[in-house]
file protein-v4.cif (mmCIF, C-alpha atoms, pLDDT in the B column; chains and numbers go by the auth columns)
data_work
loop_
_atom_site.group_PDB
_atom_site.id
_atom_site.type_symbol
_atom_site.label_atom_id
_atom_site.label_comp_id
_atom_site.label_asym_id
_atom_site.label_seq_id
_atom_site.Cartn_x
_atom_site.Cartn_y
_atom_site.Cartn_z
_atom_site.B_iso_or_equiv
_atom_site.auth_seq_id
_atom_site.auth_asym_id
ATOM 1 C CA MET A 1 -28.125 4.164 -6.519 91.00 12 M
ATOM 2 C CA GLN A 2 -31.069 6.446 -7.226 96.00 13 M
ATOM 3 C CA LYS A 3 -34.126 5.472 -9.240 98.00 14 M
ATOM 4 C CA THR A 4 -36.728 7.824 -10.669 98.00 15 M
ATOM 5 C CA MET A 5 -40.118 6.961 -9.212 98.00 16 M
ATOM 6 C CA LEU A 6 -43.664 8.194 -9.827 98.00 17 M
ATOM 7 C CA THR A 7 -44.736 10.477 -6.958 98.00 18 M
ATOM 8 C CA GLY A 8 -48.042 11.957 -8.100 98.00 19 M
ATOM 9 C CA LYS A 9 -50.575 11.508 -10.874 98.00 20 M
ATOM 10 C CA LEU A 10 -53.765 13.181 -12.077 98.00 21 M
ATOM 11 C CA HIS A 11 -55.350 10.516 -14.274 98.00 22 M
ATOM 12 C CA GLN A 12 -57.603 11.493 -17.184 98.00 23 M
ATOM 13 C CA ALA A 13 -57.775 15.191 -16.349 98.00 24 M
ATOM 14 C CA ARG A 14 -59.668 17.230 -18.960 98.00 25 M
ATOM 15 C CA VAL A 15 -57.983 20.266 -20.443 98.00 26 M
ATOM 16 C CA THR A 16 -60.226 23.271 -19.769 98.00 27 M
ATOM 17 C CA HIS A 17 -58.017 25.956 -21.342 98.00 28 M
ATOM 18 C CA ALA A 18 -55.169 26.094 -23.877 97.00 29 M
ATOM 19 C CA GLU A 19 -53.632 29.590 -23.674 96.00 30 M
ATOM 20 C CA LEU A 20 -50.908 30.043 -26.293 95.00 31 M
ATOM 21 C CA ASN A 21 -50.109 33.629 -25.291 94.00 32 M
ATOM 22 C CA TYR A 22 -49.795 32.942 -21.553 92.00 33 M
ATOM 23 C CA GLU A 23 -46.444 32.400 -19.859 83.00 34 M
ATOM 24 C CA GLY A 24 -45.567 28.734 -20.256 76.00 35 M
ATOM 25 C CA SER A 25 -46.820 26.366 -17.582 93.00 36 M
ATOM 26 C CA CYS A 26 -49.900 24.368 -16.680 98.00 37 M
ATOM 27 C CA ALA A 27 -52.405 25.896 -14.266 98.00 38 M
ATOM 28 C CA ILE A 28 -54.068 23.226 -12.148 98.00 39 M
ATOM 29 C CA ASP A 29 -56.837 23.649 -9.557 98.00 40 M
ATOM 30 C CA GLN A 30 -55.025 23.945 -6.204 98.00 41 M
ATOM 31 C CA ASN A 31 -57.302 21.270 -4.722 98.00 42 M
ATOM 32 C CA LEU A 32 -56.101 18.807 -7.373 98.00 43 M
ATOM 33 C CA LEU A 33 -52.457 19.782 -6.806 98.00 44 M
ATOM 34 C CA ASP A 34 -52.868 19.199 -3.072 98.00 45 M
ATOM 35 C CA GLN A 35 -54.535 15.823 -3.532 98.00 46 M
ATOM 36 C CA ALA A 36 -51.795 14.579 -5.896 98.00 47 M
ATOM 37 C CA GLY A 37 -48.976 16.075 -3.829 98.00 48 M
ATOM 38 C CA ILE A 38 -47.841 18.288 -6.706 98.00 49 M
ATOM 39 C CA LEU A 39 -46.136 21.540 -5.745 98.00 50 M
ATOM 40 C CA GLU A 40 -46.400 24.855 -7.546 97.00 51 M
ATOM 41 C CA TYR A 41 -43.425 25.235 -9.932 98.00 52 M
ATOM 42 C CA GLU A 42 -42.725 21.495 -9.803 98.00 53 M
ATOM 43 C CA ARG A 43 -41.848 19.873 -13.105 98.00 54 M
ATOM 44 C CA ILE A 44 -44.725 17.865 -14.529 98.00 55 M
ATOM 45 C CA ASP A 45 -44.904 15.500 -17.457 98.00 56 M
ATOM 46 C CA ILE A 46 -48.142 15.558 -19.425 98.00 57 M
ATOM 47 C CA TYR A 47 -49.307 12.646 -21.573 98.00 58 M
ATOM 48 C CA ASN A 48 -52.120 13.487 -23.997 98.00 59 M
ATOM 49 C CA ILE A 49 -54.406 10.476 -24.356 98.00 60 M
ATOM 50 C CA GLU A 50 -56.102 11.925 -27.457 98.00 61 M
ATOM 51 C CA ASN A 51 -53.049 12.505 -29.665 97.00 62 M
ATOM 52 C CA GLY A 52 -50.175 10.693 -27.964 97.00 63 M
ATOM 53 C CA ALA A 53 -48.174 13.883 -27.312 97.00 64 M
ATOM 54 C CA ARG A 54 -45.844 13.714 -24.310 98.00 65 M
ATOM 55 C CA PHE A 55 -44.279 16.902 -22.956 97.00 66 M
ATOM 56 C CA SER A 56 -42.880 18.532 -19.829 97.00 67 M
ATOM 57 C CA THR A 57 -43.677 21.877 -18.221 97.00 68 M
ATOM 58 C CA TYR A 58 -44.245 23.065 -14.656 97.00 69 M
ATOM 59 C CA ALA A 59 -47.320 23.356 -12.489 98.00 70 M
ATOM 60 C CA ILE A 60 -48.800 26.636 -11.337 97.00 71 M
ATOM 61 C CA SER A 61 -51.667 27.051 -8.932 97.00 72 M
ATOM 62 C CA GLY A 62 -55.101 27.472 -10.444 97.00 73 M
ATOM 63 C CA GLU A 63 -58.090 28.817 -8.574 97.00 74 M
ATOM 64 C CA ARG A 64 -59.090 26.446 -5.777 98.00 75 M
ATOM 65 C CA GLY A 65 -62.279 24.572 -6.691 98.00 76 M
ATOM 66 C CA SER A 66 -62.260 25.758 -10.319 98.00 77 M
ATOM 67 C CA LYS A 67 -61.345 22.341 -11.823 98.00 78 M
ATOM 68 C CA ILE A 68 -59.016 24.235 -14.203 98.00 79 M
ATOM 69 C CA ILE A 69 -56.401 22.408 -16.248 98.00 80 M
ATOM 70 C CA SER A 70 -54.882 25.135 -18.448 98.00 81 M
ATOM 71 C CA VAL A 71 -52.046 24.186 -20.778 98.00 82 M
ATOM 72 C CA ASN A 72 -50.164 27.405 -21.462 97.00 83 M
ATOM 73 C CA GLY A 73 -47.496 28.845 -23.738 96.00 84 M
ATOM 74 C CA ALA A 74 -45.844 26.547 -26.275 94.00 85 M
ATOM 75 C CA ALA A 75 -47.450 23.534 -24.568 94.00 86 M
ATOM 76 C CA ALA A 76 -50.842 24.853 -25.722 96.00 87 M
ATOM 77 C CA ARG A 77 -49.907 23.465 -29.155 96.00 88 M
ATOM 78 C CA MET A 78 -49.782 19.981 -27.606 97.00 89 M
ATOM 79 C CA ALA A 79 -53.320 19.813 -26.159 97.00 90 M
ATOM 80 C CA ALA A 80 -56.757 21.179 -26.996 97.00 91 M
ATOM 81 C CA VAL A 81 -59.654 22.022 -24.719 98.00 92 M
ATOM 82 C CA GLY A 82 -61.460 18.779 -23.927 98.00 93 M
ATOM 83 C CA ASP A 83 -58.432 16.518 -24.375 98.00 94 M
ATOM 84 C CA ARG A 84 -57.870 13.881 -21.697 98.00 95 M
ATOM 85 C CA VAL A 85 -54.393 14.059 -20.202 98.00 96 M
ATOM 86 C CA ILE A 86 -52.376 12.285 -17.542 98.00 97 M
ATOM 87 C CA ILE A 87 -50.232 14.619 -15.435 98.00 98 M
ATOM 88 C CA CYS A 88 -47.338 13.022 -13.523 98.00 99 M
ATOM 89 C CA THR A 89 -44.499 13.974 -11.211 98.00 100 M
ATOM 90 C CA TYR A 90 -41.404 11.965 -10.412 98.00 101 M
ATOM 91 C CA ALA A 91 -38.566 12.063 -7.889 98.00 102 M
ATOM 92 C CA SER A 92 -35.175 10.415 -7.549 98.00 103 M
ATOM 93 C CA LEU A 93 -35.244 8.098 -4.547 98.00 104 M
ATOM 94 C CA ASN A 94 -32.652 5.828 -2.965 97.00 105 M
ATOM 95 C CA ALA A 95 -33.313 2.192 -2.008 96.00 106 M
ATOM 96 C CA ALA A 96 -34.336 3.052 1.562 96.00 107 M
ATOM 97 C CA GLU A 97 -36.844 5.651 0.342 96.00 108 M
ATOM 98 C CA ILE A 98 -38.216 3.318 -2.325 96.00 109 M
ATOM 99 C CA ALA A 99 -38.938 0.583 0.231 95.00 110 M
ATOM 100 C CA ASN A 100 -41.839 2.585 1.718 94.00 111 M
ATOM 101 C CA HIS A 101 -42.734 4.781 -1.248 97.00 112 M
ATOM 102 C CA LYS A 102 -46.280 4.985 -2.584 97.00 113 M
ATOM 103 C CA PRO A 103 -47.374 7.569 -5.166 98.00 114 M
ATOM 104 C CA SER A 104 -50.443 9.794 -4.767 98.00 115 M
ATOM 105 C CA LEU A 105 -52.816 8.753 -7.558 98.00 116 M
ATOM 106 C CA VAL A 106 -55.887 10.878 -8.279 98.00 117 M
ATOM 107 C CA TYR A 107 -58.530 9.674 -10.735 98.00 118 M
ATOM 108 C CA LEU A 108 -60.799 12.291 -12.324 98.00 119 M
ATOM 109 C CA ASP A 109 -64.079 12.287 -14.226 98.00 120 M
ATOM 110 C CA ALA A 110 -64.900 14.334 -17.353 98.00 121 M
ATOM 111 C CA GLN A 111 -65.529 17.468 -15.237 98.00 122 M
ATOM 112 C CA ASN A 112 -62.250 17.100 -13.294 98.00 123 M
ATOM 113 C CA ASN A 113 -64.028 15.948 -10.156 98.00 124 M
ATOM 114 C CA ILE A 114 -62.087 13.482 -8.030 98.00 125 M
ATOM 115 C CA VAL A 115 -63.631 10.037 -8.479 98.00 126 M
ATOM 116 C CA ARG A 116 -61.158 8.213 -6.249 97.00 127 M
ATOM 117 C CA THR A 117 -57.635 8.292 -4.916 97.00 128 M
ATOM 118 C CA SER A 118 -55.168 5.485 -4.426 96.00 129 M
ATOM 119 C CA LYS A 119 -51.589 4.695 -3.517 96.00 130 M
ATOM 120 C CA ASP A 120 -51.386 1.648 -5.803 91.00 131 M
ATOM 121 C CA VAL A 121 -51.750 1.196 -9.550 86.00 132 M
ATOM 122 C CA PRO A 122 -54.064 -1.763 -10.221 84.00 133 M
ATOM 123 C CA VAL A 123 -52.380 -4.914 -11.471 90.00 134 M
ATOM 124 C CA GLN A 124 -52.829 -5.219 -15.235 91.00 135 M
ATOM 125 C CA VAL A 125 -54.238 -8.568 -16.271 93.00 136 M
ATOM 126 C CA ALA A 126 -53.634 -10.317 -19.574 90.00 137 M
#
call {"tool": "encode", "arguments": {"input": "protein-v4.cif", "output": "structure tokens"}}
result
Amino acid sequence: MQKTMLTGKLHQARVTHAELNYEGSCAIDQNLLDQAGILEYERIDIYNIENGARFSTYAISGERGSKIISVNGAAARMAAVGDRVIICTYASLNAAEIANHKPSLVYLDAQNNIVRTSKDVPVQVA
């Protein structure tokens, strides 16, 4: 049996561009892609913290060190410049792969600087 597991996450990234007339995708600073283990052209799910929108597109490489998060094409209708978003990737893994799997979690500040990285989501307390 395969289960779909979180593999990478950019948490609270800030949208820096929303380009309606650009070919659909999401341009992400290559440094951020590398840190989260996200590949160019990989499917990404984006969750907009500001408006609750949830949508899928694919990642493209943005200029290294630019801190760019550019939501492009039709997806530009789902997020505005300044919105906080969570960008995630997933993979189908079997039981043996799941046993040792840990996602690459990258936490960002308001300028898309990496604040910290982790392999574990903190336990939520009541």
call {"tool": "resolve_selection", "arguments": {"input": "protein-v4.cif", "expression": "the PyMOL selection byres ((chain M and resi 17-22) around 12)", "output": "number ranges by chain"}}
result
M: 14-16, 23-26, 39-40, 42-50, 53-60, 78, 80, 95-104, 108-109, 112-121, 123-132
call {"tool": "resolve_selection", "arguments": {"input": "protein-v4.cif", "expression": "the PyMOL selection byres ((chain M and resi 92) around 7)", "output": "JSON, numbers by chain"}}
result
{"M": [26, 27, 28, 29, 90, 91, 93, 94]}
call {"tool": "atom_distance", "arguments": {"input": "protein-v4.cif", "atom1": "CA of Asn111 (chain M)", "atom2": "CA of Ala70 (chain M)"}}
result
25.8 Å
call {"tool": "closest_residue", "arguments": {"input": "protein-v4.cif", "among": "M:Met12, M:Gly84, M:Asn105, M:Ala110", "to": "Thr68 (chain M)", "atoms": "all atoms listed in the file"}}
result
M:Gly84
call {"tool": "closest_residue", "arguments": {"input": "protein-v4.cif", "among": "M:Glu30, M:Gln135, M:Gln41, M:Gln13", "to": "Ser77 (chain M)", "atoms": "only C-alpha atoms"}}
result
M:Gln41
call {"tool": "atom_distance", "arguments": {"input": "protein-v4.cif", "atom1": "CA of Gly73 (chain M)", "atom2": "CA of Gln122 (chain M)"}}
result
15.2 Å
call {"tool": "axis_aligned_box", "arguments": {"input": "protein-v4.cif", "around": "region 60-65 of chain M", "padding_each_side": "5 Å", "output": "lines of an AutoDock Vina configuration file"}}
result
center_x = -51.0
center_y = 12.2
center_z = -27.0
size_x = 20.3
size_y = 13.4
size_z = 15.4
call {"tool": "decode", "arguments": {"input": "protein-v4.cif", "residues": "region 63-78 of chain M", "atoms": "all heavy atoms", "output": "mmCIF file, in the first residue's frame"}}
result
data_model
loop_
_atom_site.group_PDB
_atom_site.id
_atom_site.type_symbol
_atom_site.label_atom_id
_atom_site.label_comp_id
_atom_site.auth_asym_id
_atom_site.auth_seq_id
_atom_site.Cartn_x
_atom_site.Cartn_y
_atom_site.Cartn_z
ATOM 1 N N GLY M 63 -7.599 31.668 2.654
ATOM 2 C CA GLY M 63 -8.038 30.278 2.706
ATOM 3 C C GLY M 63 -7.977 29.538 1.384
ATOM 4 O O GLY M 63 -8.300 28.347 1.339
ATOM 5 N N ALA M 64 -7.574 30.188 0.311
ATOM 6 C CA ALA M 64 -7.486 29.525 -1.000
ATOM 7 C C ALA M 64 -6.446 28.408 -0.940
ATOM 8 O O ALA M 64 -5.401 28.535 -0.305
ATOM 9 C CB ALA M 64 -7.118 30.530 -2.087
ATOM 10 N N ARG M 65 -6.768 27.305 -1.609
ATOM 11 C CA ARG M 65 -5.862 26.160 -1.715
ATOM 12 C C ARG M 65 -5.817 25.784 -3.186
ATOM 13 O O ARG M 65 -6.858 25.546 -3.790
ATOM 14 C CB ARG M 65 -6.370 25.003 -0.870
ATOM 15 C CG ARG M 65 -6.484 25.353 0.612
ATOM 16 C CD ARG M 65 -7.252 24.313 1.408
ATOM 17 N NE ARG M 65 -6.520 23.085 1.610
ATOM 18 C CZ ARG M 65 -5.714 22.833 2.641
ATOM 19 N NH1 ARG M 65 -5.542 23.746 3.570
ATOM 20 N NH2 ARG M 65 -5.094 21.686 2.747
ATOM 21 N N PHE M 66 -4.620 25.714 -3.767
ATOM 22 C CA PHE M 66 -4.517 25.418 -5.191
ATOM 23 C C PHE M 66 -3.193 24.722 -5.492
ATOM 24 O O PHE M 66 -2.269 24.738 -4.679
ATOM 25 C CB PHE M 66 -4.671 26.681 -6.030
ATOM 26 C CG PHE M 66 -3.730 27.805 -5.693
ATOM 27 C CD1 PHE M 66 -2.567 28.011 -6.420
ATOM 28 C CD2 PHE M 66 -4.017 28.675 -4.648
ATOM 29 C CE1 PHE M 66 -1.707 29.049 -6.112
ATOM 30 C CE2 PHE M 66 -3.151 29.728 -4.335
ATOM 31 C CZ PHE M 66 -2.001 29.907 -5.066
ATOM 32 N N SER M 67 -3.139 24.107 -6.659
ATOM 33 C CA SER M 67 -1.945 23.389 -7.105
ATOM 34 C C SER M 67 -1.384 24.046 -8.350
ATOM 35 O O SER M 67 -2.129 24.555 -9.191
ATOM 36 C CB SER M 67 -2.289 21.939 -7.438
ATOM 37 O OG SER M 67 -2.739 21.257 -6.306
ATOM 38 N N THR M 68 -0.077 24.014 -8.479
ATOM 39 C CA THR M 68 0.636 24.466 -9.672
ATOM 40 C C THR M 68 1.958 23.723 -9.677
ATOM 41 O O THR M 68 2.066 22.641 -9.089
ATOM 42 C CB THR M 68 0.771 26.009 -9.699
ATOM 43 O OG1 THR M 68 1.329 26.417 -10.948
ATOM 44 C CG2 THR M 68 1.576 26.552 -8.558
ATOM 45 N N TYR M 69 2.974 24.269 -10.325
ATOM 46 C CA TYR M 69 4.291 23.637 -10.303
ATOM 47 C C TYR M 69 5.340 24.705 -10.019
ATOM 48 O O TYR M 69 5.136 25.889 -10.263
ATOM 49 C CB TYR M 69 4.577 22.898 -11.615
ATOM 50 C CG TYR M 69 4.552 23.768 -12.844
ATOM 51 C CD1 TYR M 69 5.716 24.345 -13.352
ATOM 52 C CD2 TYR M 69 3.347 24.039 -13.503
ATOM 53 C CE1 TYR M 69 5.677 25.155 -14.481
ATOM 54 C CE2 TYR M 69 3.308 24.841 -14.631
ATOM 55 C CZ TYR M 69 4.484 25.398 -15.121
ATOM 56 O OH TYR M 69 4.448 26.198 -16.230
ATOM 57 N N ALA M 70 6.453 24.254 -9.472
ATOM 58 C CA ALA M 70 7.529 25.157 -9.102
ATOM 59 C C ALA M 70 8.450 25.408 -10.292
ATOM 60 O O ALA M 70 8.727 24.499 -11.067
ATOM 61 C CB ALA M 70 8.348 24.557 -7.959
ATOM 62 N N ILE M 71 8.885 26.658 -10.424
ATOM 63 C CA ILE M 71 9.976 26.975 -11.335
ATOM 64 C C ILE M 71 11.037 27.724 -10.542
ATOM 65 O O ILE M 71 10.742 28.339 -9.512
ATOM 66 C CB ILE M 71 9.530 27.779 -12.582
ATOM 67 C CG1 ILE M 71 8.923 29.128 -12.206
ATOM 68 C CG2 ILE M 71 8.577 26.958 -13.445
ATOM 69 C CD1 ILE M 71 8.654 30.029 -13.412
ATOM 70 N N SER M 72 12.250 27.643 -11.018
ATOM 71 C CA SER M 72 13.367 28.259 -10.324
ATOM 72 C C SER M 72 13.320 29.773 -10.457
ATOM 73 O O SER M 72 13.218 30.302 -11.559
ATOM 74 C CB SER M 72 14.682 27.725 -10.906
ATOM 75 O OG SER M 72 15.776 28.330 -10.261
ATOM 76 N N GLY M 73 13.411 30.435 -9.307
ATOM 77 C CA GLY M 73 13.565 31.881 -9.273
ATOM 78 C C GLY M 73 15.023 32.211 -9.009
ATOM 79 O O GLY M 73 15.798 31.348 -8.572
ATOM 80 N N GLU M 74 15.385 33.432 -9.249
ATOM 81 C CA GLU M 74 16.773 33.856 -9.071
ATOM 82 C C GLU M 74 17.268 33.520 -7.669
ATOM 83 O O GLU M 74 16.614 33.833 -6.673
ATOM 84 C CB GLU M 74 16.876 35.364 -9.312
ATOM 85 C CG GLU M 74 18.260 35.916 -9.171
ATOM 86 C CD GLU M 74 18.324 37.419 -9.384
ATOM 87 O OE1 GLU M 74 17.270 38.047 -9.622
ATOM 88 O OE2 GLU M 74 19.427 37.959 -9.286
ATOM 89 N N ARG M 75 18.426 32.856 -7.625
ATOM 90 C CA ARG M 75 19.036 32.450 -6.359
ATOM 91 C C ARG M 75 19.325 33.691 -5.498
ATOM 92 O O ARG M 75 19.902 34.655 -5.968
ATOM 93 C CB ARG M 75 20.322 31.676 -6.643
ATOM 94 C CG ARG M 75 20.855 30.937 -5.458
ATOM 95 C CD ARG M 75 22.053 30.081 -5.815
ATOM 96 N NE ARG M 75 21.726 28.894 -6.582
ATOM 97 C CZ ARG M 75 21.227 27.778 -6.081
ATOM 98 N NH1 ARG M 75 20.975 27.695 -4.787
ATOM 99 N NH2 ARG M 75 20.965 26.745 -6.855
ATOM 100 N N GLY M 76 18.846 33.658 -4.255
ATOM 101 C CA GLY M 76 19.078 34.756 -3.327
ATOM 102 C C GLY M 76 18.086 35.903 -3.428
ATOM 103 O O GLY M 76 18.157 36.852 -2.663
ATOM 104 N N SER M 77 17.143 35.813 -4.354
ATOM 105 C CA SER M 77 16.193 36.914 -4.587
ATOM 106 C C SER M 77 15.045 36.951 -3.592
ATOM 107 O O SER M 77 14.363 37.954 -3.479
ATOM 108 C CB SER M 77 15.606 36.805 -5.992
ATOM 109 O OG SER M 77 14.803 35.629 -6.103
ATOM 110 N N LYS M 78 14.774 35.832 -2.928
ATOM 111 C CA LYS M 78 13.637 35.667 -2.003
ATOM 112 C C LYS M 78 12.290 35.704 -2.726
ATOM 113 O O LYS M 78 11.239 35.870 -2.113
ATOM 114 C CB LYS M 78 13.647 36.717 -0.891
ATOM 115 C CG LYS M 78 14.964 36.912 -0.188
ATOM 116 C CD LYS M 78 15.337 35.758 0.666
ATOM 117 C CE LYS M 78 16.497 36.137 1.572
ATOM 118 N NZ LYS M 78 17.642 35.296 1.439
#
